[in-house]
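Participant: Pasting final.txt here (compact mmCIF, C-alpha atoms and all ligand atoms):
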# COMPACT_ATOMS: atom_id res chain seq x y z
CA MET A 1 19.90 -32.18 -10.14
CA ASP A 2 18.43 -29.17 -8.29
CA LEU A 3 17.41 -26.25 -10.46
CA LEU A 4 18.34 -23.66 -7.85
CA SER A 5 21.93 -22.87 -6.98
CA ASP A 6 23.53 -23.48 -3.59
CA ARG A 7 24.37 -19.80 -3.66
CA LEU A 8 20.69 -18.87 -3.58
CA SER A 9 20.05 -21.04 -0.53
CA ARG A 10 22.32 -18.75 1.51
CA ILE A 11 19.88 -15.85 1.28
CA LYS A 12 16.23 -15.03 1.98
CA PRO A 13 13.78 -12.53 0.49
CA SER A 14 13.96 -9.02 1.97
CA PRO A 15 11.73 -9.07 5.12
CA THR A 16 10.75 -5.43 4.64
CA ILE A 17 9.53 -6.10 1.11
CA ALA A 18 7.76 -9.26 2.40
CA MET A 19 5.94 -7.30 5.15
CA THR A 20 4.88 -4.60 2.71
CA GLY A 21 3.58 -7.34 0.38
CA ARG A 22 1.61 -8.95 3.23
CA ALA A 23 0.04 -5.60 4.09
CA ALA A 24 -0.92 -5.09 0.43
CA THR A 25 -2.53 -8.55 0.27
CA LEU A 26 -4.61 -7.89 3.39
CA ARG A 27 -5.65 -4.51 1.98
CA ALA A 28 -6.71 -6.18 -1.29
CA GLN A 29 -8.91 -8.47 0.84
CA GLY A 30 -10.72 -5.37 2.09
CA ARG A 31 -8.92 -4.98 5.45
CA ASP A 32 -8.22 -1.45 6.73
CA ILE A 33 -4.41 -1.51 6.71
CA ILE A 34 -1.90 1.18 7.63
CA ALA A 35 1.46 0.15 6.15
CA LEU A 36 4.40 1.68 8.00
CA SER A 37 6.80 -0.94 6.70
CA ALA A 38 8.18 0.51 3.45
CA GLY A 39 11.34 2.60 3.32
CA GLU A 40 10.50 5.32 0.86
CA PRO A 41 9.56 9.00 1.05
CA ASP A 42 5.88 9.64 0.38
CA PHE A 43 6.59 12.89 -1.54
CA ASP A 44 6.62 13.50 -5.28
CA THR A 45 9.93 13.82 -7.12
CA PRO A 46 10.66 17.60 -7.51
CA LEU A 47 9.10 19.16 -10.60
CA HIS A 48 12.37 20.32 -12.20
CA VAL A 49 13.68 16.75 -11.97
CA ARG A 50 10.60 15.32 -13.66
CA ASP A 51 10.90 18.03 -16.35
CA ALA A 52 14.54 17.10 -16.94
CA ALA A 53 13.52 13.48 -17.50
CA LYS A 54 10.85 14.48 -20.02
CA ALA A 55 13.36 16.73 -21.81
CA ALA A 56 15.87 13.82 -21.89
CA ILE A 57 13.30 11.62 -23.62
CA ASP A 58 12.46 14.32 -26.16
CA ALA A 59 16.16 14.97 -26.81
CA GLY A 60 16.62 11.29 -27.65
CA HIS A 61 18.69 10.31 -24.60
CA THR A 62 17.10 6.91 -24.75
CA ARG A 63 20.05 4.74 -25.74
CA TYR A 64 22.78 2.86 -23.91
CA THR A 65 25.17 5.11 -22.04
CA ALA A 66 28.64 4.43 -20.66
CA VAL A 67 28.29 1.34 -18.45
CA ASP A 68 28.75 3.04 -15.08
CA GLY A 69 27.29 6.47 -15.81
CA THR A 70 27.43 9.36 -18.27
CA PRO A 71 30.50 11.64 -18.01
CA SER A 72 28.31 14.64 -17.20
CA LEU A 73 26.49 12.85 -14.34
CA LYS A 74 29.86 11.73 -12.97
CA ARG A 75 31.07 15.34 -13.07
CA ALA A 76 27.91 16.44 -11.23
CA ILE A 77 28.56 13.78 -8.57
CA CYS A 78 32.16 15.01 -8.17
CA ARG A 79 30.80 18.53 -7.61
CA LYS A 80 28.32 17.17 -5.06
CA PHE A 81 31.09 15.45 -3.07
CA SER A 82 33.21 18.59 -3.16
CA ARG A 83 30.36 20.97 -2.23
CA GLU A 84 28.66 18.91 0.47
CA ASN A 85 31.39 16.68 1.89
CA GLY A 86 34.67 18.47 1.19
CA LEU A 87 35.83 15.40 -0.77
CA ASP A 88 37.74 15.72 -4.05
CA TYR A 89 37.16 12.94 -6.56
CA THR A 90 37.75 12.74 -10.30
CA PRO A 91 35.10 11.20 -12.62
CA SER A 92 37.28 8.07 -12.94
CA GLN A 93 36.74 7.51 -9.21
CA ILE A 94 32.93 7.58 -9.57
CA THR A 95 30.53 4.78 -10.46
CA VAL A 96 26.77 5.06 -11.08
CA GLY A 97 24.41 2.12 -10.71
CA THR A 98 20.79 1.08 -10.58
CA GLY A 99 20.21 2.37 -7.06
CA GLY A 100 22.57 2.47 -4.14
CA LYS A 101 21.72 -1.19 -3.76
CA GLN A 102 23.60 -2.09 -6.93
CA ILE A 103 26.65 -0.12 -5.82
CA LEU A 104 26.82 -2.14 -2.59
CA PHE A 105 26.21 -5.38 -4.45
CA ASN A 106 28.89 -4.65 -7.05
CA ALA A 107 31.43 -3.68 -4.41
CA LEU A 108 30.93 -6.85 -2.37
CA MET A 109 30.78 -9.14 -5.41
CA ALA A 110 33.91 -7.55 -6.84
CA THR A 111 35.98 -7.88 -3.67
CA LEU A 112 34.92 -10.79 -1.46
CA ASN A 113 36.55 -14.19 -1.57
CA GLU A 114 35.17 -17.23 0.25
CA GLY A 115 35.53 -16.64 3.99
CA ASP A 116 36.40 -12.95 3.86
CA GLU A 117 34.77 -11.22 6.81
CA VAL A 118 32.57 -8.14 6.70
CA ILE A 119 31.77 -6.34 9.95
CA ILE A 120 28.14 -5.25 10.10
CA PRO A 121 26.87 -3.34 13.15
CA ALA A 122 23.34 -4.42 14.17
CA PRO A 123 20.67 -3.21 13.82
CA TYR A 124 21.54 -3.20 10.12
CA TRP A 125 19.80 -2.63 6.81
CA VAL A 126 18.36 -6.03 5.89
CA SER A 127 20.29 -6.41 2.64
CA TYR A 128 23.87 -6.15 3.96
CA PRO A 129 24.29 -9.67 5.41
CA ASP A 130 22.57 -11.36 2.49
CA MET A 131 24.66 -9.51 -0.08
CA VAL A 132 27.81 -10.56 1.80
CA LEU A 133 26.62 -14.19 1.89
CA LEU A 134 25.76 -14.19 -1.79
CA ALA A 135 29.25 -12.90 -2.58
CA GLY A 136 30.78 -15.76 -0.55
CA GLY A 137 31.81 -13.65 2.43
CA SER A 138 31.06 -14.10 6.13
CA PRO A 139 29.02 -11.41 7.87
CA VAL A 140 30.37 -10.60 11.34
CA ILE A 141 27.43 -9.09 13.17
CA VAL A 142 28.22 -6.77 16.08
CA GLU A 143 25.16 -6.01 18.19
CA CYS A 144 24.89 -2.34 19.13
CA GLY A 145 22.04 -2.07 21.62
CA LEU A 146 19.76 0.69 22.78
CA ASP A 147 22.03 1.37 25.78
CA GLN A 148 24.82 2.46 23.41
CA GLY A 149 22.45 4.45 21.20
CA PHE A 150 22.64 1.70 18.54
CA ARG A 151 26.16 2.95 17.74
CA LEU A 152 29.27 0.84 17.12
CA THR A 153 31.93 1.66 19.71
CA SER A 154 35.67 1.71 19.06
CA HIS A 155 36.06 -1.18 21.54
CA ALA A 156 33.52 -3.39 19.80
CA LEU A 157 35.06 -2.58 16.40
CA GLU A 158 38.57 -3.40 17.60
CA ALA A 159 37.33 -6.71 19.05
CA ALA A 160 35.59 -7.70 15.80
CA ILE A 161 38.56 -7.13 13.47
CA THR A 162 40.58 -10.20 12.40
CA PRO A 163 43.19 -10.74 9.67
CA ARG A 164 40.25 -11.88 7.44
CA THR A 165 38.29 -8.64 7.83
CA LYS A 166 37.89 -7.02 4.44
CA TRP A 167 35.14 -4.45 4.99
CA LEU A 168 33.37 -2.54 7.72
CA ILE A 169 29.90 -1.43 6.61
CA LEU A 170 28.71 1.80 8.20
CA ASN A 171 25.33 3.43 7.67
CA SER A 172 24.62 6.86 9.11
CA PRO A 173 21.91 7.94 9.63
CA SER A 174 20.88 4.33 9.98
CA ASN A 175 18.07 2.28 8.60
CA PRO A 176 16.41 1.01 10.85
CA SER A 177 17.40 2.99 13.96
CA GLY A 178 17.83 6.53 12.61
CA THR A 179 21.07 6.74 14.62
CA GLY A 180 23.65 9.16 13.26
CA TYR A 181 27.43 9.09 13.75
CA ASP A 182 28.67 12.63 14.16
CA HIS A 183 32.28 13.68 13.53
CA ALA A 184 33.47 12.55 17.00
CA ALA A 185 31.72 9.16 16.79
CA LEU A 186 33.29 8.54 13.39
CA ARG A 187 36.69 9.72 14.59
CA ALA A 188 36.66 7.05 17.32
CA LEU A 189 36.15 4.41 14.62
CA THR A 190 38.57 5.83 12.06
CA ASP A 191 41.31 5.86 14.74
CA VAL A 192 40.84 2.10 15.10
CA LEU A 193 40.76 1.56 11.34
CA LEU A 194 44.04 3.41 10.84
CA ARG A 195 45.68 0.59 12.80
CA HIS A 196 44.23 -2.13 10.52
CA PRO A 197 45.29 -1.48 6.92
CA GLN A 198 43.54 -4.59 5.56
CA VAL A 199 40.08 -3.22 6.39
CA TRP A 200 38.14 -1.20 3.83
CA ILE A 201 35.20 1.04 4.74
CA LEU A 202 31.91 0.86 2.92
CA THR A 203 29.90 3.84 4.06
CA ASP A 204 26.24 3.99 3.09
CA ASP A 205 25.34 7.67 3.20
CA ILE A 206 21.96 7.36 1.51
CA TYR A 207 20.18 9.25 4.36
CA GLU A 208 22.79 12.05 4.46
CA HIS A 209 20.25 14.82 3.95
CA LEU A 210 17.61 13.55 6.33
CA VAL A 211 19.15 14.75 9.59
CA PHE A 212 17.39 16.61 12.39
CA ASP A 213 17.85 19.22 15.08
CA ASP A 214 21.48 20.27 15.19
CA PHE A 215 22.98 16.97 14.00
CA GLN A 216 25.86 17.56 11.58
CA PHE A 217 26.34 14.84 8.99
CA ALA A 218 29.90 13.56 8.47
CA THR A 219 31.40 10.77 6.36
CA PRO A 220 34.53 8.69 7.12
CA ALA A 221 36.76 9.83 4.21
CA GLN A 222 36.14 13.43 5.24
CA VAL A 223 36.79 12.78 8.92
CA GLU A 224 40.02 10.86 8.23
CA PRO A 225 41.52 11.66 4.79
CA ARG A 226 44.18 8.99 5.35
CA LEU A 227 41.40 6.40 4.96
CA LYS A 228 40.13 7.82 1.66
CA ASP A 229 42.17 5.35 -0.38
CA ARG A 230 40.34 2.44 1.24
CA THR A 231 36.85 3.88 1.46
CA LEU A 232 33.86 3.42 -0.82
CA THR A 233 31.46 6.27 -0.17
CA MET A 234 28.00 5.26 -1.37
CA ASN A 235 25.09 7.61 -1.84
CA GLY A 236 22.15 8.13 -4.19
CA VAL A 237 19.14 10.21 -5.08
CA SER A 238 16.42 7.83 -3.81
CA LYS A 239 15.86 9.24 -0.34
CA ALA A 240 17.17 12.81 -0.68
CA TYR A 241 15.02 13.71 -3.70
CA ALA A 242 12.13 11.21 -3.36
CA MET A 243 13.40 9.27 -6.39
CA THR A 244 13.18 5.64 -5.19
CA GLY A 245 11.63 4.42 -8.43
CA TRP A 246 14.20 6.08 -10.70
CA ARG A 247 16.94 3.74 -9.46
CA ILE A 248 20.07 5.86 -9.38
CA GLY A 249 22.81 5.39 -6.79
CA TYR A 250 26.48 6.19 -6.93
CA GLY A 251 29.79 5.51 -5.24
CA ALA A 252 33.22 7.11 -4.98
CA ALA A 253 36.36 5.04 -4.38
CA PRO A 254 39.91 4.46 -5.64
CA GLU A 255 40.03 3.80 -9.38
CA PRO A 256 40.94 0.08 -9.31
CA LEU A 257 37.81 -0.72 -7.29
CA ILE A 258 35.65 1.50 -9.50
CA ARG A 259 37.00 -0.26 -12.62
CA ALA A 260 36.33 -3.71 -11.12
CA MET A 261 32.76 -2.72 -10.27
CA ALA A 262 32.25 -1.48 -13.84
CA VAL A 263 33.41 -4.85 -15.22
CA LEU A 264 30.78 -6.58 -13.08
CA GLN A 265 28.08 -4.14 -14.14
CA SER A 266 29.04 -4.55 -17.80
CA GLN A 267 28.23 -8.26 -17.52
CA SER A 268 24.99 -7.81 -15.57
CA THR A 269 22.73 -4.78 -16.00
CA SER A 270 24.97 -2.46 -18.07
CA ASN A 271 24.12 1.19 -17.63
CA PRO A 272 21.44 2.46 -15.26
CA CYS A 273 18.40 3.93 -17.06
CA SER A 274 19.58 6.76 -19.34
CA ILE A 275 16.56 8.96 -18.56
CA SER A 276 17.01 8.50 -14.82
CA GLN A 277 20.64 9.56 -15.16
CA TYR A 278 19.53 12.88 -16.68
CA ALA A 279 16.96 13.27 -13.91
CA ALA A 280 19.59 12.53 -11.22
CA GLU A 281 21.91 15.12 -12.75
CA ALA A 282 19.12 17.71 -12.53
CA ALA A 283 18.51 16.73 -8.90
CA LEU A 284 22.18 17.12 -7.96
CA THR A 285 22.81 20.35 -9.86
CA GLY A 286 19.43 22.12 -9.54
CA PRO A 287 17.84 24.01 -6.63
CA GLN A 288 18.36 22.21 -3.32
CA ASP A 289 15.55 23.83 -1.31
CA TYR A 290 13.47 20.64 -1.66
CA ILE A 291 15.88 18.89 0.72
CA GLY A 292 15.34 21.42 3.51
CA GLN A 293 11.57 21.18 3.16
CA SER A 294 11.45 17.39 3.35
CA ARG A 295 13.87 17.37 6.27
CA LEU A 296 11.61 19.69 8.30
CA GLU A 297 8.56 17.65 7.42
CA PHE A 298 10.22 14.40 8.50
CA GLN A 299 11.47 15.98 11.72
CA ARG A 300 7.92 17.08 12.56
CA ARG A 301 6.62 13.56 11.94
CA ARG A 302 9.46 12.03 13.93
CA ASP A 303 8.42 14.12 16.94
CA LEU A 304 4.79 13.08 16.54
CA VAL A 305 5.67 9.38 16.33
CA VAL A 306 8.26 9.35 19.14
CA ALA A 307 5.89 11.12 21.53
CA GLY A 308 2.99 8.84 20.56
CA LEU A 309 4.98 5.64 20.99
CA ASN A 310 6.50 6.69 24.30
CA ALA A 311 2.94 7.12 25.60
CA CYS A 312 2.24 3.41 24.87
CA VAL A 313 2.49 0.92 27.73
CA GLY A 314 5.54 -1.34 27.30
CA ILE A 315 7.21 0.66 24.50
CA GLU A 316 10.34 2.78 24.82
CA CYS A 317 11.23 4.83 21.76
CA PRO A 318 14.56 6.68 21.55
CA VAL A 319 14.80 9.90 19.51
CA PRO A 320 16.64 9.29 16.21
CA GLN A 321 18.99 11.83 14.62
CA GLY A 322 17.93 11.13 11.04
CA ALA A 323 16.36 9.00 8.27
CA PHE A 324 12.61 8.37 8.57
CA TYR A 325 12.48 5.43 10.95
CA VAL A 326 12.07 4.82 14.66
CA TYR A 327 13.27 1.64 16.33
CA PRO A 328 11.50 1.29 19.69
CA THR A 329 12.06 -1.57 22.09
CA ILE A 330 9.19 -3.81 23.25
CA ARG A 331 11.29 -5.50 25.93
CA ASP A 332 8.48 -5.06 28.49
CA LEU A 333 5.86 -6.70 26.27
CA ILE A 334 7.75 -9.95 25.68
CA GLY A 335 6.03 -12.73 27.64
CA THR A 336 2.61 -11.06 27.60
CA THR A 337 -0.46 -12.17 25.61
CA SER A 338 -2.43 -9.87 23.32
CA ALA A 339 -6.12 -9.12 23.91
CA ALA A 340 -6.98 -11.55 21.10
CA GLY A 341 -4.93 -14.27 22.78
CA THR A 342 -1.65 -14.22 20.81
CA PRO A 343 1.44 -14.91 22.94
CA ILE A 344 4.01 -12.15 22.37
CA THR A 345 7.01 -14.47 22.47
CA ASP A 346 9.33 -12.27 20.41
CA ASP A 347 9.28 -9.22 18.15
CA GLU A 348 8.14 -11.22 15.13
CA ALA A 349 5.09 -12.44 17.08
CA PHE A 350 4.45 -8.82 18.12
CA ALA A 351 4.57 -7.51 14.52
CA ASN A 352 2.38 -10.34 13.21
CA ALA A 353 -0.22 -9.89 15.98
CA LEU A 354 -0.18 -6.11 15.46
CA LEU A 355 -0.91 -6.59 11.76
CA GLU A 356 -3.58 -9.26 12.24
CA GLU A 357 -5.33 -7.60 15.18
CA THR A 358 -5.03 -3.88 14.36
CA GLY A 359 -4.08 -3.65 10.68
CA VAL A 360 -0.82 -1.77 11.35
CA ALA A 361 2.15 -3.14 9.40
CA VAL A 362 5.60 -2.65 10.96
CA VAL A 363 8.81 -4.69 10.56
CA PHE A 364 10.06 -6.86 13.44
CA GLY A 365 13.53 -6.22 14.87
CA ALA A 366 14.97 -9.70 14.23
CA ALA A 367 14.92 -8.81 10.52
CA PHE A 368 17.49 -6.09 11.31
CA GLY A 369 19.55 -8.28 13.63
CA LEU A 370 18.57 -6.71 16.96
CA SER A 371 15.63 -7.76 19.13
CA PRO A 372 13.23 -7.11 20.77
CA HIS A 373 12.41 -4.09 18.65
CA PHE A 374 10.26 -3.07 15.72
CA ARG A 375 10.74 -0.51 12.98
CA ILE A 376 8.23 2.07 11.93
CA SER A 377 8.76 4.07 8.77
CA TYR A 378 7.08 7.43 9.35
CA ALA A 379 7.10 8.30 5.66
CA ALA A 380 3.30 8.41 5.88
CA SER A 381 0.60 11.04 6.31
CA ASP A 382 -0.20 12.63 9.69
CA ASP A 383 -3.63 10.99 9.62
CA GLN A 384 -2.14 7.54 9.06
CA LEU A 385 0.51 8.05 11.73
CA THR A 386 -1.97 9.36 14.30
CA GLU A 387 -4.41 6.51 13.66
CA ALA A 388 -1.59 3.92 13.74
CA ILE A 389 -0.45 5.21 17.14
CA VAL A 390 -4.00 5.00 18.50
CA ARG A 391 -4.17 1.37 17.36
CA ILE A 392 -0.71 0.50 18.71
CA ARG A 393 -1.57 2.10 22.06
CA ARG A 394 -4.79 0.09 22.28
CA PHE A 395 -2.94 -3.09 21.32
CA CYS A 396 -0.28 -2.55 24.02
CA GLU A 397 -2.92 -1.77 26.65
CA GLY A 398 -4.52 -5.12 25.76
CA CYS A 399 -1.30 -7.08 26.35
CA ALA A 400 -1.26 -8.72 29.77
C1 LIG A 501 20.37 1.93 4.29
C2 LIG A 501 19.97 1.82 2.87
N1 LIG A 501 20.91 1.69 1.94
C3 LIG A 501 20.61 1.57 0.63
C4 LIG A 501 19.30 1.58 0.21
C5 LIG A 501 19.03 1.41 -1.25
O1 LIG A 501 18.65 2.57 -1.86
P1 LIG A 501 18.43 2.64 -3.44
O2 LIG A 501 16.98 2.96 -3.64
O3 LIG A 501 19.31 3.76 -3.89
O4 LIG A 501 18.82 1.34 -4.03
C6 LIG A 501 18.27 1.70 1.15
C7 LIG A 501 16.85 1.64 0.72
O5 LIG A 501 15.96 1.34 1.46
C8 LIG A 501 18.62 1.84 2.51
O6 LIG A 501 17.68 1.98 3.45
Can the structure from this file be put into structure tokens for me?
Facilitator:
Amino acid sequence: MDLLSDRLSRIKPSPTIAMTGRAATLRAQGRDIIALSAGEPDFDTPLHVRDAAKAAIDAGHTRYTAVDGTPSLKRAICRKFSRENGLDYTPSQITVGTGGKQILFNALMATLNEGDEVIIPAPYWVSYPDMVLLAGGSPVIVECGLDQGFRLTSHALEAAITPRTKWLILNSPSNPSGTGYDHAALRALTDVLLRHPQVWILTDDIYEHLVFDDFQFATPAQVEPRLKDRTLTMNGVSKAYAMTGWRIGYGAAPEPLIRAMAVLQSQSTSNPCSISQYAAEAALTGPQDYIGQSRLEFQRRRDLVVAGLNACVGIECPVPQGAFYVYPTIRDLIGTTSAAGTPITDDEAFANALLEETGVAVVFGAAFGLSPHFRISYAASDDQLTEAIVRIRRFCEGCA
């Protein structure tokens, strides 16, 4: 009898975590590596948040809490939704988990039956299809190419919906493309969804605060209140407050779904870390100027990276509206051979050759369901970004 379950064979390890691990191994071997593969801000968690965590420890908040979040954190999340998104929720419509990742996982595990379909626009965050598969559902991938700004259109959505469709997963701004859906782009989709009452919306708003230029963030339940009773709005503190390691994410949805997700959590991890919950509450209720500062810093780096990549032979890099990623195409490099003799047959070959030959770690587009592209996370220092672009430019010039 096999030790491992059939269920596990449906999924693979996260390619972004794998690439970051490969870069770390090469660095440990003494190679000069610039890792632009990880998806986390390179800033410190704000001081008042760290202080709140220390105070929570000293006050003895070190025990189990309510399974899906303390009442006071849930109230703070309700205030956040009201203040920033114009959405009114009660604490019983809020769930808190160990990162946004657990919220998504709980929602899919709690709702999917064998064969239920989940529409996932590509390029997508690597975990969505695998979470759907693990929960027994069928991912329905809809490719949204560069020519449509990596955005799902109302036509493509309409064509993908069947009587088995249970969820549409939306992520704006997107990991990996940085594409944002403004109010009008969301309205086009919500108009379609109004006609299909069996479809629920899972909106991953984790990059809400990292938006640039004059882009205005919007979220589906705000754009179309008639969809609020079939929307799970997911968010968290990881990206907005540089708190990836604290592991706090949250969701807002109708009470029956929230209760089902809490049952699942009660039989898996129980409550998210008590100290992190106090820290998250301080982040959501304290001064918000940190967000504006990190947004400006990321926008500056985005401009540096987009300009640098567009100056590379064979690369075309669109300008993203948010997050801290760019998703350039290498269409014109496919079929060439690198200076060291590696055939660039696809984007995975490109990313591997780039790492081996120049020490720059990026993630290949196939991992996100749309080729031929690669993703750079520009949550790195100016020096690292500038040097990485020099190396990428040299690598591309060597491809013939
Ligand atoms: C699109 C997207 N959703 C969710 C997450 C998970 O965030 P958390 O750290 O809150 O689990 C990430 C993290 O990389 C992400 O990029």
Participant: At a cut-off of 8 Å, can you tabulate as a tab-separated table every residue of chain A near ligand LIG 501 (chain A) together with its closest atom pair and the distance in Å to one decimal, using all atoms listed in the file and ordering rows by chain then number?
Facilitator:
residue	atom	partner	partner_atom	distance
A:Gly39	CA	A:LIG501	O5	5.1
A:Glu40	CA	A:LIG501	O5	6.8
A:Thr98	CA	A:LIG501	O4	6.8
A:Gly99	CA	A:LIG501	O4	3.5
A:Gly100	CA	A:LIG501	O3	3.5
A:Lys101	CA	A:LIG501	O4	3.9
A:Gln102	CA	A:LIG501	O4	6.6
A:Leu104	CA	A:LIG501	C3	7.9
A:Tyr124	CA	A:LIG501	C1	7.9
A:Trp125	CA	A:LIG501	C1	5.2
A:Asn171	CA	A:LIG501	C1	6.2
A:Ser174	CA	A:LIG501	C1	6.2
A:Asn175	CA	A:LIG501	C1	4.9
A:Pro176	CA	A:LIG501	O6	7.6
A:Asp204	CA	A:LIG501	N1	5.9
A:Asp205	CA	A:LIG501	N1	7.5
A:Ile206	CA	A:LIG501	N1	5.8
A:Tyr207	CA	A:LIG501	C1	7.3
A:Asn235	CA	A:LIG501	O3	7.2
A:Gly236	CA	A:LIG501	O3	5.2
A:Val237	CA	A:LIG501	O3	6.6
A:Ser238	CA	A:LIG501	O2	4.9
A:Lys239	CA	A:LIG501	O2	7.2
A:Met243	CA	A:LIG501	O2	7.8
A:Thr244	CA	A:LIG501	O2	4.9
A:Gly245	CA	A:LIG501	O2	7.3
A:Arg247	CA	A:LIG501	O2	5.9
A:Ile248	CA	A:LIG501	O3	5.9
A:Gly249	CA	A:LIG501	O3	4.8
Participant: Mind dumping a table of every region 16-120 of chain A residue within 12 Å of region 151-166 of chain A, with the nearest atom pair and its distance in Å to one decimal, using only C-alpha atoms, sorted by chain and rising number, as CSV?
Facilitator:
residue,atom,partner,partner_atom,distance
A:Ala107,CA,A:Lys166,CA,11.5
A:Leu108,CA,A:Lys166,CA,9.7
A:Ala110,CA,A:Lys166,CA,12.0
A:Thr111,CA,A:Lys166,CA,8.4
A:Leu112,CA,A:Lys166,CA,7.6
A:Asn113,CA,A:Lys166,CA,9.5
A:Glu114,CA,A:Arg164,CA,10.3
A:Gly115,CA,A:Arg164,CA,7.5
A:Asp116,CA,A:Arg164,CA,5.4
A:Glu117,CA,A:Thr165,CA,4.5
A:Val118,CA,A:Thr165,CA,5.9
A:Ile119,CA,A:Ala160,CA,7.1
A:Ile120,CA,A:Leu152,CA,9.4
Participant: Go ahead and save the residues from that selection, with C-alpha atoms, as a compact mmCIF listing (two decimals), keeping the file's coordinate frame.
Facilitator:
# COMPACT_ATOMS: atom_id res chain seq x y z
CA ALA A 107 31.43 -3.68 -4.41
CA LEU A 108 30.93 -6.85 -2.37
CA ALA A 110 33.91 -7.55 -6.84
CA THR A 111 35.98 -7.88 -3.67
CA LEU A 112 34.92 -10.79 -1.46
CA ASN A 113 36.55 -14.19 -1.57
CA GLU A 114 35.17 -17.23 0.25
CA GLY A 115 35.53 -16.64 3.99
CA ASP A 116 36.40 -12.95 3.86
CA GLU A 117 34.77 -11.22 6.81
CA VAL A 118 32.57 -8.14 6.70
CA ILE A 119 31.77 -6.34 9.95
CA ILE A 120 28.14 -5.25 10.10
Participant: Interatomic distance between CA of Pro256 (chain A) and CA of Leu133 (chain A)?
Facilitator: 23.1 Å
Participant: Taking only C-alpha atoms into account, produce a table as a Markdown table in which each residue of region 73-101 of chain A with an atom at most 8 Å from an atom of region 273-297 of chain A appears once, together with its shortest atom pair and the distance in Å to one decimal, ordered by chain and rising number.
Facilitator:
| residue | atom | partner | partner_atom | distance |
| --- | --- | --- | --- | --- |
| A:Leu73 | CA | A:Glu281 | CA | 5.4 |
| A:Ala76 | CA | A:Glu281 | CA | 6.3 |
| A:Ile77 | CA | A:Leu284 | CA | 7.2 |
| A:Lys80 | CA | A:Leu284 | CA | 6.8 |
| A:Thr98 | CA | A:Cys273 | CA | 7.5 |
Participant: Give me, as a list in words, all polymer residues having an atom no more than 12 Å from Phe395 (chain A), counting all atoms listed in the file and skipping those fewer than 5 positions away in the same chain.
Facilitator: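 Contacts, in chain order: Leu309, Cys312, Val313, Gly314, Ile315, Leu333, Thr336, Thr337, Ser338, Ala339, Ala340, Gly341, Thr342, Ile344, Phe350, Ala351, Ala353, Leu354, Leu355, Glu356, Glu357, Thr358, Gly359, Val360, Ala388, Ile389, Val390 and Ala400 of chain A.
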Participant: How far is it from CA of Ile94 (chain A) to CA of Arg230 (chain A), in Å with one decimal?
Facilitator: 14.1 Å
Participant: Counting all atoms listed in the file, find residues at most 9 Å from (6.0, -5.7, 4.2) (file frame) and give them as a short mmCIF file (atom, residue, chain, number, x, y, z; two decimals) with C-alpha atoms, in the frame of the given file.
Facilitator:
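Saved to out13.cif:
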data_model
loop_
_atom_site.label_atom_id
_atom_site.label_comp_id
_atom_site.auth_asym_id
_atom_site.auth_seq_id
_atom_site.Cartn_x
_atom_site.Cartn_y
_atom_site.Cartn_z
CA SER A 14 13.96 -9.02 1.97
CA PRO A 15 11.73 -9.07 5.12
CA THR A 16 10.75 -5.43 4.64
CA ILE A 17 9.53 -6.10 1.11
CA ALA A 18 7.76 -9.26 2.40
CA MET A 19 5.94 -7.30 5.15
CA THR A 20 4.88 -4.60 2.71
CA GLY A 21 3.58 -7.34 0.38
CA ARG A 22 1.61 -8.95 3.23
CA ALA A 23 0.04 -5.60 4.09
CA ALA A 24 -0.92 -5.09 0.43
CA ALA A 35 1.46 0.15 6.15
CA LEU A 36 4.40 1.68 8.00
CA SER A 37 6.80 -0.94 6.70
CA ALA A 38 8.18 0.51 3.45
CA ALA A 361 2.15 -3.14 9.40
CA VAL A 362 5.60 -2.65 10.96
CA VAL A 363 8.81 -4.69 10.56
#
Participant: One number please: CA of Leu8 (chain A) to CA of Ser266 (chain A), in Å, one decimal.
Facilitator: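 Between these atoms lies a distance of 21.8 Å.
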Participant: Choose the residue, out of A:Pro197, A:Asp213, A:Pro254, A:Ala311, that has the smallest atom-to-atom separation from Thr90 (chain A); count all atoms listed in the file.
Facilitator: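 Residue with the minimum atom-to-atom distance to Thr90 (chain A): A:Pro254.
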Participant: Point out the residue among A:Leu4, A:Val67, A:Ala56, A:Cys317 with the least atom-to-atom distance to Ser270 (chain A), counting all atoms listed in the file.
Facilitator: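 Among A:Leu4, A:Val67, A:Ala56, A:Cys317, it is A:Val67 that comes nearest to Ser270 (chain A).
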Participant: Name the closest residue to Pro139 (chain A) among the candidates A:Trp246, A:Ala323, A:Gly30, A:Gly369; distances are taken between atoms, counting all atoms listed in the file.
Facilitator: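 Of the candidates, the smallest distance to Pro139 (chain A) is held by A:Gly369.
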Participant: Closest to Ile34 (chain A) among A:Met131, A:Leu189, A:Ala380, A:Ala55, using all atoms listed in the file?
Facilitator: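 Among the listed residues, A:Ala380 lies closest to Ile34 (chain A).
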Participant: Have a look at A:Met109, A:Ala122, A:Leu210, A:Ala379 and name the one nearest to Leu134 (chain A); count only C-alpha atoms.
Facilitator: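 For Leu134 (chain A), the nearest of the given residues is A:Met109.
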Participant: Counting only C-alpha atoms, I want the residues whose atoms come within 9 Å of (13.4, -8.6, 11.6) in the file frame, returned as a short mmCIF file (atom, residue, chain, number, x, y, z; two decimals) with C-alpha atoms, in the frame of the given file.
Facilitator:
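Writing the result to point.cif gives the following:
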data_model
loop_
_atom_site.label_atom_id
_atom_site.label_comp_id
_atom_site.auth_asym_id
_atom_site.auth_seq_id
_atom_site.Cartn_x
_atom_site.Cartn_y
_atom_site.Cartn_z
CA PRO A 15 11.73 -9.07 5.12
CA THR A 16 10.75 -5.43 4.64
CA VAL A 126 18.36 -6.03 5.89
CA ASP A 347 9.28 -9.22 18.15
CA GLU A 348 8.14 -11.22 15.13
CA VAL A 363 8.81 -4.69 10.56
CA PHE A 364 10.06 -6.86 13.44
CA GLY A 365 13.53 -6.22 14.87
CA ALA A 366 14.97 -9.70 14.23
CA ALA A 367 14.92 -8.81 10.52
CA PHE A 368 17.49 -6.09 11.31
CA GLY A 369 19.55 -8.28 13.63
CA LEU A 370 18.57 -6.71 16.96
CA SER A 371 15.63 -7.76 19.13
CA HIS A 373 12.41 -4.09 18.65
CA PHE A 374 10.26 -3.07 15.72
CA ARG A 375 10.74 -0.51 12.98
#
